[in-house]
file model25.pdb (PDB, C-alpha atoms)
MODEL        1
ATOM      1  CA  MET A 232       9.607 -31.288   4.115
ATOM      2  CA  GLU A 233       7.635 -33.262   1.605
ATOM      3  CA  ASN A 234       6.309 -35.596   4.297
ATOM      4  CA  HIS A 235       5.252 -32.653   6.391
ATOM      5  CA  ASN A 236       3.417 -31.124   3.462
ATOM      6  CA  GLU A 237       1.531 -34.312   2.734
ATOM      7  CA  THR A 238       0.284 -34.849   6.303
ATOM      8  CA  SER A 239      -0.378 -31.271   7.357
ATOM      9  CA  THR A 240      -2.619 -28.505   6.097
ATOM     10  CA  ASP A 241      -0.047 -25.880   7.132
ATOM     11  CA  PHE A 242       1.831 -23.888   4.540
ATOM     12  CA  ILE A 243       5.560 -23.159   4.582
ATOM     13  CA  LEU A 244       6.762 -19.638   3.822
ATOM     14  CA  LEU A 245      10.268 -19.967   2.401
ATOM     15  CA  GLY A 246      10.964 -16.350   3.317
ATOM     16  CA  LEU A 247      12.960 -13.493   1.864
ATOM     17  CA  PHE A 248      16.377 -13.696   3.520
ATOM     18  CA  PRO A 249      18.900 -16.465   2.818
ATOM     19  CA  PRO A 250      20.251 -18.318   5.897
ATOM     20  CA  SER A 251      23.638 -16.593   5.700
ATOM     21  CA  ARG A 252      25.486 -13.491   6.889
ATOM     22  CA  LEU A 253      23.965 -11.578   4.003
ATOM     23  CA  GLY A 254      20.506 -12.624   5.165
ATOM     24  CA  LEU A 255      21.300 -11.514   8.709
ATOM     25  CA  PHE A 256      22.580  -8.166   7.409
ATOM     26  CA  LEU A 257      19.405  -7.612   5.360
ATOM     27  CA  PHE A 258      17.290  -8.584   8.345
ATOM     28  CA  THR A 259      19.043  -6.033  10.567
ATOM     29  CA  LEU A 260      18.184  -3.382   7.973
ATOM     30  CA  THR A 261      14.545  -4.435   7.875
ATOM     31  CA  VAL A 262      13.937  -4.149  11.644
ATOM     32  CA  PRO A 263      14.664  -0.382  11.962
ATOM     33  CA  ILE A 264      12.730   0.259   8.735
ATOM     34  CA  PHE A 265       9.754  -1.579  10.230
ATOM     35  CA  LEU A 266       9.970   0.440  13.453
ATOM     36  CA  MET A 267      10.288   3.685  11.496
ATOM     37  CA  ALA A 268       7.189   2.785   9.466
ATOM     38  CA  LEU A 269       5.234   2.044  12.647
ATOM     39  CA  ALA A 270       6.298   5.292  14.328
ATOM     40  CA  GLY A 271       5.878   7.431  11.212
ATOM     41  CA  ASN A 272       2.425   6.236  10.214
ATOM     42  CA  LEU A 273       1.101   6.182  13.769
ATOM     43  CA  SER A 274       2.411   9.721  14.263
ATOM     44  CA  MET A 275       0.672  10.903  11.077
ATOM     45  CA  VAL A 276      -2.657   9.391  12.155
ATOM     46  CA  LEU A 277      -2.441  10.939  15.632
ATOM     47  CA  LEU A 278      -1.182  14.307  14.358
ATOM     48  CA  ILE A 279      -4.051  14.687  11.892
ATOM     49  CA  LEU A 280      -6.492  13.594  14.585
ATOM     50  CA  LEU A 281      -5.165  16.046  17.203
ATOM     51  CA  ASP A 282      -4.550  19.176  15.097
ATOM     52  CA  ALA A 283      -7.756  20.967  14.055
ATOM     53  CA  GLN A 284      -6.055  22.789  11.161
ATOM     54  CA  LEU A 285      -5.437  19.441   9.452
ATOM     55  CA  HIS A 286      -9.124  18.476   9.548
ATOM     56  CA  THR A 287      -9.497  18.895   5.779
ATOM     57  CA  PRO A 288     -10.343  16.322   3.074
ATOM     58  CA  MET A 289      -6.730  16.090   1.892
ATOM     59  CA  TYR A 290      -5.380  15.267   5.346
ATOM     60  CA  PHE A 291      -8.352  13.070   6.189
ATOM     61  CA  LEU A 292      -7.431  10.952   3.146
ATOM     62  CA  LEU A 293      -3.785  11.068   4.179
ATOM     63  CA  SER A 294      -4.658   9.771   7.657
ATOM     64  CA  GLN A 295      -6.410   6.806   6.042
ATOM     65  CA  LEU A 296      -3.340   6.156   3.883
ATOM     66  CA  SER A 297      -1.182   6.100   7.006
ATOM     67  CA  LEU A 298      -3.648   3.788   8.747
ATOM     68  CA  LEU A 299      -3.593   1.423   5.758
ATOM     69  CA  ASP A 300       0.201   1.397   5.706
ATOM     70  CA  LEU A 301       0.315   0.821   9.461
ATOM     71  CA  ILE A 302      -1.849  -2.313   9.207
ATOM     72  CA  TYR A 303      -0.191  -3.270   5.930
ATOM     73  CA  ILE A 304       3.342  -3.579   7.266
ATOM     74  CA  CYS A 305       2.110  -5.346  10.420
ATOM     75  CA  THR A 306       0.457  -7.969   8.211
ATOM     76  CA  THR A 307       3.693  -9.102   6.556
ATOM     77  CA  VAL A 308       6.892  -8.129   8.374
ATOM     78  CA  PRO A 309       6.355  -9.726  11.853
ATOM     79  CA  LYS A 310       5.740 -13.191  10.362
ATOM     80  CA  MET A 311       8.675 -12.787   7.982
ATOM     81  CA  ALA A 312      10.934 -11.742  10.882
ATOM     82  CA  SER A 313       9.856 -14.586  13.183
ATOM     83  CA  GLY A 314      10.405 -17.114  10.403
ATOM     84  CA  PHE A 315      13.978 -15.916   9.899
ATOM     85  CA  LEU A 316      14.854 -15.525  13.597
ATOM     86  CA  PHE A 317      13.303 -18.688  15.016
ATOM     87  CA  GLY A 318      13.168 -20.900  11.919
ATOM     88  CA  ASN A 319       9.407 -21.400  12.312
ATOM     89  CA  LYS A 320       8.431 -20.907   8.691
ATOM     90  CA  SER A 321       5.120 -22.757   8.889
ATOM     91  CA  ILE A 322       1.846 -20.864   8.874
ATOM     92  CA  SER A 323      -1.515 -22.458   9.538
ATOM     93  CA  PHE A 324      -4.130 -22.840   6.835
ATOM     94  CA  ILE A 325      -6.388 -20.281   8.541
ATOM     95  CA  GLY A 326      -3.453 -17.998   9.333
ATOM     96  CA  CYS A 327      -2.426 -17.990   5.690
ATOM     97  CA  GLY A 328      -5.993 -17.165   4.672
ATOM     98  CA  VAL A 329      -6.154 -14.278   7.145
ATOM     99  CA  GLN A 330      -2.845 -12.854   5.925
ATOM    100  CA  CYS A 331      -3.912 -13.284   2.308
ATOM    101  CA  PHE A 332      -7.203 -11.482   2.976
ATOM    102  CA  PHE A 333      -5.667  -8.489   4.763
ATOM    103  CA  PHE A 334      -2.827  -8.156   2.274
ATOM    104  CA  ALA A 335      -5.139  -8.138  -0.751
ATOM    105  CA  MET A 336      -7.723  -5.909   0.952
ATOM    106  CA  LEU A 337      -5.187  -3.298   2.047
ATOM    107  CA  ALA A 338      -3.453  -3.288  -1.342
ATOM    108  CA  GLY A 339      -6.719  -2.817  -3.228
ATOM    109  CA  SER A 340      -7.989  -0.182  -0.800
ATOM    110  CA  GLU A 341      -4.729   1.780  -0.976
ATOM    111  CA  GLY A 342      -4.824   1.798  -4.766
ATOM    112  CA  LEU A 343      -8.325   3.294  -4.747
ATOM    113  CA  LEU A 344      -7.434   5.706  -1.934
ATOM    114  CA  LEU A 345      -4.470   7.077  -3.885
ATOM    115  CA  MET A 346      -6.840   7.664  -6.799
ATOM    116  CA  SER A 347      -9.150   9.584  -4.452
ATOM    117  CA  MET A 348      -6.198  11.684  -3.276
ATOM    118  CA  SER A 349      -5.308  12.563  -6.862
ATOM    119  CA  TYR A 350      -8.931  13.625  -7.485
ATOM    120  CA  ASP A 351      -8.758  15.807  -4.371
ATOM    121  CA  ARG A 352      -5.670  17.605  -5.684
ATOM    122  CA  TYR A 353      -7.193  17.883  -9.158
ATOM    123  CA  VAL A 354     -10.308  19.628  -7.835
ATOM    124  CA  ALA A 355      -8.331  21.801  -5.391
ATOM    125  CA  ILE A 356      -5.970  23.146  -8.062
ATOM    126  CA  CYS A 357      -8.088  23.112 -11.228
ATOM    127  CA  PHE A 358     -11.464  24.091  -9.669
ATOM    128  CA  PRO A 359     -10.636  25.832  -6.357
ATOM    129  CA  LEU A 360     -13.990  27.635  -6.153
ATOM    130  CA  HIS A 361     -15.892  24.342  -6.470
ATOM    131  CA  TYR A 362     -13.671  22.483  -4.008
ATOM    132  CA  PRO A 363     -16.000  22.784  -0.957
ATOM    133  CA  ILE A 364     -18.803  21.232  -3.041
ATOM    134  CA  HIS A 365     -16.924  18.480  -4.903
ATOM    135  CA  MET A 366     -14.792  17.517  -1.888
ATOM    136  CA  SER A 367     -17.211  18.003   0.980
ATOM    137  CA  ARG A 368     -16.905  15.954   4.143
ATOM    138  CA  ARG A 369     -19.675  13.645   2.916
ATOM    139  CA  VAL A 370     -17.907  13.004  -0.414
ATOM    140  CA  CYS A 371     -14.625  12.369   1.402
ATOM    141  CA  VAL A 372     -16.230   9.837   3.751
ATOM    142  CA  LEU A 373     -17.908   8.073   0.824
ATOM    143  CA  MET A 374     -14.558   7.829  -0.975
ATOM    144  CA  ILE A 375     -12.895   6.305   2.075
ATOM    145  CA  ARG A 376     -15.720   3.865   2.785
ATOM    146  CA  GLY A 377     -15.859   2.886  -0.879
ATOM    147  CA  SER A 378     -12.103   2.214  -0.979
ATOM    148  CA  TRP A 379     -12.224  -0.012   2.109
ATOM    149  CA  ALA A 380     -15.415  -1.806   1.020
ATOM    150  CA  MET A 381     -14.295  -2.530  -2.558
ATOM    151  CA  GLY A 382     -10.905  -3.692  -1.334
ATOM    152  CA  ALA A 383     -12.593  -6.034   1.169
ATOM    153  CA  VAL A 384     -15.015  -7.515  -1.381
ATOM    154  CA  ASN A 385     -12.255  -8.104  -3.932
ATOM    155  CA  SER A 386      -9.985  -9.648  -1.302
ATOM    156  CA  CYS A 387     -12.734 -11.888   0.051
ATOM    157  CA  ALA A 388     -13.349 -13.376  -3.393
ATOM    158  CA  HIS A 389      -9.653 -14.164  -3.940
ATOM    159  CA  THR A 390      -9.147 -15.527  -0.430
ATOM    160  CA  VAL A 391     -12.142 -17.869  -0.631
ATOM    161  CA  TYR A 392     -10.843 -19.241  -3.934
ATOM    162  CA  VAL A 393      -7.261 -19.920  -2.804
ATOM    163  CA  LEU A 394      -8.502 -21.609   0.370
ATOM    164  CA  ARG A 395     -10.845 -23.911  -1.543
ATOM    165  CA  ILE A 396      -8.596 -25.106  -4.376
ATOM    166  CA  PRO A 397      -6.881 -28.481  -3.843
ATOM    167  CA  TYR A 398      -3.144 -28.434  -3.128
ATOM    168  CA  CYS A 399      -1.561 -31.706  -4.167
ATOM    169  CA  ARG A 400       1.999 -30.465  -4.608
ATOM    170  CA  SER A 401       4.379 -29.158  -1.980
ATOM    171  CA  ARG A 402       2.835 -26.606   0.360
ATOM    172  CA  ALA A 403       6.050 -24.591   0.406
ATOM    173  CA  ILE A 404       5.197 -21.064  -0.788
ATOM    174  CA  ASN A 405       8.228 -19.464  -2.399
ATOM    175  CA  HIS A 406       7.508 -16.074  -0.854
ATOM    176  CA  PHE A 407       7.619 -14.306   2.514
ATOM    177  CA  LEU A 408       3.829 -13.902   2.626
ATOM    178  CA  CYS A 409       0.717 -15.745   1.511
ATOM    179  CA  ASP A 410       0.496 -14.080  -1.879
ATOM    180  CA  VAL A 411      -2.280 -15.285  -4.198
ATOM    181  CA  PRO A 412      -0.178 -15.876  -7.364
ATOM    182  CA  ALA A 413       2.481 -17.736  -5.357
ATOM    183  CA  MET A 414      -0.190 -19.962  -3.782
ATOM    184  CA  VAL A 415      -1.917 -20.688  -7.086
ATOM    185  CA  THR A 416       1.287 -22.218  -8.477
ATOM    186  CA  LEU A 417       0.915 -25.021  -5.895
ATOM    187  CA  ALA A 418      -2.612 -25.982  -7.009
ATOM    188  CA  CYS A 419      -3.388 -29.324  -8.611
ATOM    189  CA  GLY A 420      -5.777 -28.471 -11.411
ATOM    190  CA  ASP A 421      -5.801 -26.003 -14.245
ATOM    191  CA  THR A 422      -6.070 -22.459 -12.865
ATOM    192  CA  TRP A 423      -5.909 -20.422 -16.071
ATOM    193  CA  VAL A 424      -9.465 -19.074 -15.587
ATOM    194  CA  TYR A 425      -8.626 -17.842 -12.104
ATOM    195  CA  GLU A 426      -5.317 -16.388 -13.280
ATOM    196  CA  TYR A 427      -7.319 -14.397 -15.804
ATOM    197  CA  THR A 428      -9.539 -13.063 -12.980
ATOM    198  CA  VAL A 429      -6.399 -12.051 -11.045
ATOM    199  CA  PHE A 430      -5.242 -10.150 -14.118
ATOM    200  CA  LEU A 431      -8.676  -8.512 -14.453
ATOM    201  CA  SER A 432      -8.710  -7.618 -10.752
ATOM    202  CA  ALA A 433      -5.213  -6.115 -10.987
ATOM    203  CA  THR A 434      -6.337  -4.079 -13.982
ATOM    204  CA  ILE A 435      -9.354  -2.677 -12.099
ATOM    205  CA  PHE A 436      -7.573  -1.983  -8.799
ATOM    206  CA  LEU A 437      -4.104  -1.061 -10.111
ATOM    207  CA  LEU A 438      -3.885  -0.139 -13.780
ATOM    208  CA  PHE A 439      -7.157   1.812 -14.032
ATOM    209  CA  PRO A 440      -6.504   3.945 -10.898
ATOM    210  CA  PHE A 441      -2.906   4.481 -12.046
ATOM    211  CA  LEU A 442      -4.096   5.815 -15.426
ATOM    212  CA  VAL A 443      -6.687   8.033 -13.694
ATOM    213  CA  ILE A 444      -3.970   9.400 -11.411
ATOM    214  CA  LEU A 445      -1.647  10.131 -14.331
ATOM    215  CA  GLY A 446      -4.474  11.905 -16.170
ATOM    216  CA  SER A 447      -5.424  13.926 -13.084
ATOM    217  CA  TYR A 448      -1.886  15.055 -12.394
ATOM    218  CA  GLY A 449      -1.333  15.797 -16.073
ATOM    219  CA  LYS A 450      -4.178  18.303 -15.920
ATOM    220  CA  VAL A 451      -2.968  19.557 -12.543
ATOM    221  CA  LEU A 452       0.553  20.231 -13.824
ATOM    222  CA  LEU A 453      -0.890  22.017 -16.845
ATOM    223  CA  ALA A 454      -3.007  24.205 -14.568
ATOM    224  CA  VAL A 455       0.000  24.863 -12.304
ATOM    225  CA  TYR A 456       2.091  25.899 -15.291
ATOM    226  CA  ARG A 457      -0.511  28.546 -16.138
ATOM    227  CA  MET A 458      -0.578  29.993 -12.600
ATOM    228  CA  ARG A 459       0.587  33.578 -12.261
ATOM    229  CA  SER A 460       1.528  33.310  -8.591
ATOM    230  CA  ARG A 461       5.061  31.993  -8.172
ATOM    231  CA  GLU A 462       4.358  30.978  -4.563
ATOM    232  CA  GLY A 463       1.201  29.152  -5.660
ATOM    233  CA  ARG A 464       3.121  27.260  -8.340
ATOM    234  CA  LYS A 465       5.811  26.278  -5.871
ATOM    235  CA  LYS A 466       3.272  24.985  -3.328
ATOM    236  CA  ALA A 467       1.310  23.079  -5.978
ATOM    237  CA  TYR A 468       4.449  21.513  -7.464
ATOM    238  CA  SER A 469       5.609  20.459  -3.995
ATOM    239  CA  THR A 470       2.271  18.787  -3.192
ATOM    240  CA  CYS A 471       1.971  17.069  -6.575
ATOM    241  CA  SER A 472       5.559  15.812  -6.601
ATOM    242  CA  ALA A 473       5.046  14.263  -3.151
ATOM    243  CA  HIS A 474       1.878  12.496  -4.308
ATOM    244  CA  LEU A 475       3.489  11.283  -7.540
ATOM    245  CA  THR A 476       6.471   9.880  -5.637
ATOM    246  CA  VAL A 477       4.138   7.865  -3.403
ATOM    247  CA  VAL A 478       2.119   6.687  -6.408
ATOM    248  CA  THR A 479       5.235   5.561  -8.279
ATOM    249  CA  PHE A 480       6.613   3.539  -5.363
ATOM    250  CA  PHE A 481       3.246   1.851  -4.843
ATOM    251  CA  TYR A 482       1.878   1.191  -8.326
ATOM    252  CA  VAL A 483       4.940   0.414 -10.448
ATOM    253  CA  PRO A 484       6.080  -2.651  -8.411
ATOM    254  CA  PHE A 485       2.500  -3.939  -8.196
ATOM    255  CA  VAL A 486       1.902  -3.530 -11.934
ATOM    256  CA  PHE A 487       5.274  -5.152 -12.675
ATOM    257  CA  THR A 488       4.342  -8.161 -10.528
ATOM    258  CA  TYR A 489       0.668  -8.756 -11.236
ATOM    259  CA  LEU A 490       0.278  -7.690 -14.873
ATOM    260  CA  ARG A 491       3.224  -9.608 -16.274
ATOM    261  CA  PRO A 492       2.507 -12.869 -18.146
ATOM    262  CA  LYS A 493       3.085 -15.954 -16.015
ATOM    263  CA  SER A 494       5.886 -17.140 -18.299
ATOM    264  CA  PHE A 495       7.912 -13.973 -17.551
ATOM    265  CA  ARG A 496       7.597 -14.197 -13.762
ATOM    266  CA  SER A 497      10.075 -15.691 -11.320
ATOM    267  CA  PRO A 498       9.665 -16.205  -7.547
ATOM    268  CA  ALA A 499      12.991 -14.513  -6.792
ATOM    269  CA  GLU A 500      12.023 -11.353  -8.691
ATOM    270  CA  ASP A 501       8.538 -11.306  -7.180
ATOM    271  CA  LYS A 502       9.942 -11.420  -3.645
ATOM    272  CA  VAL A 503      12.420  -8.609  -4.249
ATOM    273  CA  VAL A 504       9.813  -6.399  -5.949
ATOM    274  CA  ALA A 505       7.323  -7.135  -3.136
ATOM    275  CA  VAL A 506       9.731  -5.459  -0.689
ATOM    276  CA  PHE A 507       8.941  -2.116  -2.351
ATOM    277  CA  TYR A 508       5.201  -2.168  -1.646
ATOM    278  CA  THR A 509       5.271  -4.131   1.628
ATOM    279  CA  VAL A 510       8.233  -2.502   3.416
ATOM    280  CA  LEU A 511       9.607   0.566   1.634
ATOM    281  CA  THR A 512       6.339   2.294   0.685
ATOM    282  CA  PRO A 513       4.902   2.286   4.240
ATOM    283  CA  VAL A 514       8.091   3.865   5.608
ATOM    284  CA  LEU A 515       8.478   6.424   2.803
ATOM    285  CA  ASN A 516       4.903   7.740   2.806
ATOM    286  CA  PRO A 517       5.037   9.563   6.186
ATOM    287  CA  VAL A 518       8.542  10.854   5.410
ATOM    288  CA  ILE A 519       7.476  12.282   2.043
ATOM    289  CA  TYR A 520       4.277  13.832   3.391
ATOM    290  CA  SER A 521       5.841  15.275   6.548
ATOM    291  CA  LEU A 522       9.339  16.502   5.722
ATOM    292  CA  ARG A 523       8.172  18.188   2.504
ATOM    293  CA  ASN A 524       4.972  19.626   3.912
ATOM    294  CA  LYS A 525       5.051  22.888   5.867
ATOM    295  CA  GLU A 526       1.493  22.419   7.158
ATOM    296  CA  VAL A 527       2.366  19.031   8.687
ATOM    297  CA  LEU A 528       5.569  20.402  10.223
ATOM    298  CA  GLY A 529       3.611  23.366  11.598
ATOM    299  CA  ALA A 530       0.993  21.027  13.062
ATOM    300  CA  LEU A 531       3.764  18.956  14.646
ATOM    301  CA  ARG A 532       5.142  22.055  16.368
ATOM    302  CA  ARG A 533       1.673  23.103  17.579
ATOM    303  CA  VAL A 534       0.904  19.657  19.002
ATOM    304  CA  ALA A 535       4.337  19.508  20.659
ATOM    305  CA  VAL A 536       3.805  22.928  22.278
ATOM    306  CA  LYS A 537       0.317  21.915  23.440
ATOM    307  CA  PHE A 538       1.666  18.653  24.857
ATOM    308  CA  ARG A 539       4.469  20.444  26.752
ATOM    309  CA  SER A 540       2.053  23.013  28.166
ATOM    310  CA  THR A 541      -0.288  20.293  29.502
ATOM    311  CA  THR A 542       2.557  18.363  31.166
ATOM    312  CA  MET A 543       4.104  21.385  32.896
TER     313      MET A 543
ENDMDL
END
call {"tool": "encode", "arguments": {"input": "model25.pdb", "output": "structure tokens"}}
result
Amino acid sequence: MENHNETSTDFILLGLFPPSRLGLFLFTLTVPIFLMALAGNLSMVLLILLDAQLHTPMYFLLSQLSLLDLIYICTTVPKMASGFLFGNKSISFIGCGVQCFFFAMLAGSEGLLLMSMSYDRYVAICFPLHYPIHMSRRVCVLMIRGSWAMGAVNSCAHTVYVLRIPYCRSRAINHFLCDVPAMVTLACGDTWVYEYTVFLSATIFLLFPFLVILGSYGKVLLAVYRMRSREGRKKAYSTCSAHLTVVTFFYVPFVFTYLRPKSFRSPAEDKVVAVFYTVLTPVLNPVIYSLRNKEVLGALRRVAVKFRSTTM
């Protein structure tokens, strides 16, 4: 492997699963989860697009979350699966850069989008009369465009850096994707300045939105507690608990990975934790937002009835 690394610009992704029966068992669990994530997120995007009653800011944001998760899981899992099945663990220099860019862009965009969703719920519950003004269609579109644009700019900066630094050690990345911190460990020179920028970037795109979300939902829960309507409290609690579950599964693993000091990190832990935000979160989001949401279930029934009536 060392000879290959010295004469080729390709990287080697060591992967997630060990070459054993346990690895095969874990792989067989990953495939149906991947298919469920594809079907669930695609269904959410199409359902919100087709049902007019879901054409509201909250569900418009939710459709973007599903779209992000759909692209997100397609960025990582297919390459990981092909590496385990066929033993082709190499990834080209450009291919690694493309994967790195999309992974970082989608992660940053999703973090900002979840913050926008928490603001939407905050305005809807705490200032219901002002909701049409503060969460108009124009504001919603600006939030979505801003999330995608800021995620892309941040990702572009990191990707350009990791593709330009010299790699004089082994090109074997101890991960199942081209993750920036894992790639930086293979660099020749001193990278402490860049590692500081990664920490700063993680703070802006992960920690700050997470704190904003916690503050928003803190005020939301306080407002819900003061509601006189029992049905209104139940509906608000259901919506907020679903959002908080999604936020927890997304942010906590990311914060644990990217905001820990380098001396406390290990490749094995990073790979296991990465499974939460690359595989589990994309499959859980549509489940949480559909099975616990009467409006989504009602829209699903309406679309199914409309589809049956057009085919008969």
call {"tool": "residues_around", "arguments": {"input": "model25.pdb", "residues": "Asn385 of chain A", "least_positions_apart": "6", "cutoff": "8 Å", "atoms": "all atoms listed in the file", "output": "PyMOL selection string"}}
result
chain A and resi 335-336+339+432
call {"tool": "closest_residue", "arguments": {"input": "model25.pdb", "among": "A:Phe436, A:Phe242, A:Tyr520, A:Tyr427", "to": "Phe324 of chain A", "atoms": "only C-alpha atoms"}}
result
A:Phe242
call {"tool": "closest_residue", "arguments": {"input": "model25.pdb", "among": "A:Leu417, A:Val477, A:Ile364, A:Leu296", "to": "Ile243 of chain A", "atoms": "only C-alpha atoms"}}
result
A:Leu417
call {"tool": "atom_distance", "arguments": {"input": "model25.pdb", "atom1": "atom CA of Lys310 of chain A", "atom2": "atom CA of Ile325 of chain A"}}
result
14.2 Å
call {"tool": "atom_distance", "arguments": {"input": "model25.pdb", "atom1": "atom CA of Asp300 of chain A", "atom2": "atom CA of Tyr508 of chain A"}}
result
9.6 Å
call {"tool": "atom_distance", "arguments": {"input": "model25.pdb", "atom1": "atom CA of Ser497 of chain A", "atom2": "atom CA of Phe256 of chain A"}}
result
23.7 Å
call {"tool": "closest_residue", "arguments": {"input": "model25.pdb", "among": "A:Cys471, A:Met346, A:Cys371, A:Cys305", "to": "His286 of chain A", "atoms": "only C-alpha atoms"}}
result
A:Cys371
call {"tool": "closest_residue", "arguments": {"input": "model25.pdb", "among": "A:Cys419, A:Val443, A:Leu292, A:Leu253", "to": "Leu373 of chain A", "atoms": "all atoms listed in the file"}}
result
A:Leu292
call {"tool": "residues_around", "arguments": {"input": "model25.pdb", "residues": "Pro397 of chain A", "least_positions_apart": "4", "cutoff": "12 Å", "atoms": "all atoms listed in the file", "output": "PyMOL selection string"}}
result
chain A and resi 240+392-393+401-402+414-422
call {"tool": "closest_residue", "arguments": {"input": "model25.pdb", "among": "A:Cys387, A:Pro492, A:Ser521, A:Gly382", "to": "Trp423 of chain A", "atoms": "all atoms listed in the file"}}
result
A:Pro492
call {"tool": "residues_around", "arguments": {"input": "model25.pdb", "residues": "Ile322 of chain A", "least_positions_apart": "5", "cutoff": "12 Å", "atoms": "all atoms listed in the file", "output": "list in words"}}
result
Asn236, Ser239, Thr240, Asp241, Phe242, Ile243, Leu244, Leu245, Gly246, Lys310, Met311, Ser313, Gly314, Cys327, Gly328, Val329, Gln330, Cys331, Arg402, Ala403, Ile404, Phe407, Leu408 and Cys409 of chain A
call {"tool": "residues_around", "arguments": {"input": "model25.pdb", "residues": "Leu438 of chain A", "least_positions_apart": "4", "cutoff": "12 Å", "atoms": "only C-alpha atoms", "output": "list of chain:residue names"}}
result
A:Gly339, A:Gly342, A:Leu343, A:Met346, A:Phe430, A:Leu431, A:Ser432, A:Ala433, A:Thr434, A:Leu442, A:Val443, A:Ile444, A:Leu445, A:Val478, A:Phe481, A:Tyr482, A:Val483, A:Pro484, A:Phe485, A:Val486, A:Phe487, A:Thr488, A:Tyr489, A:Leu490
call {"tool": "closest_residue", "arguments": {"input": "model25.pdb", "among": "A:Val354, A:Phe480, A:Ser386, A:Arg464", "to": "Pro513 of chain A", "atoms": "only C-alpha atoms"}}
result
A:Phe480
call {"tool": "resolve_selection", "arguments": {"input": "model25.pdb", "expression": "the PyMOL selection byres ((chain A and resi 289) around 10)", "output": "count of residues only"}}
result
18
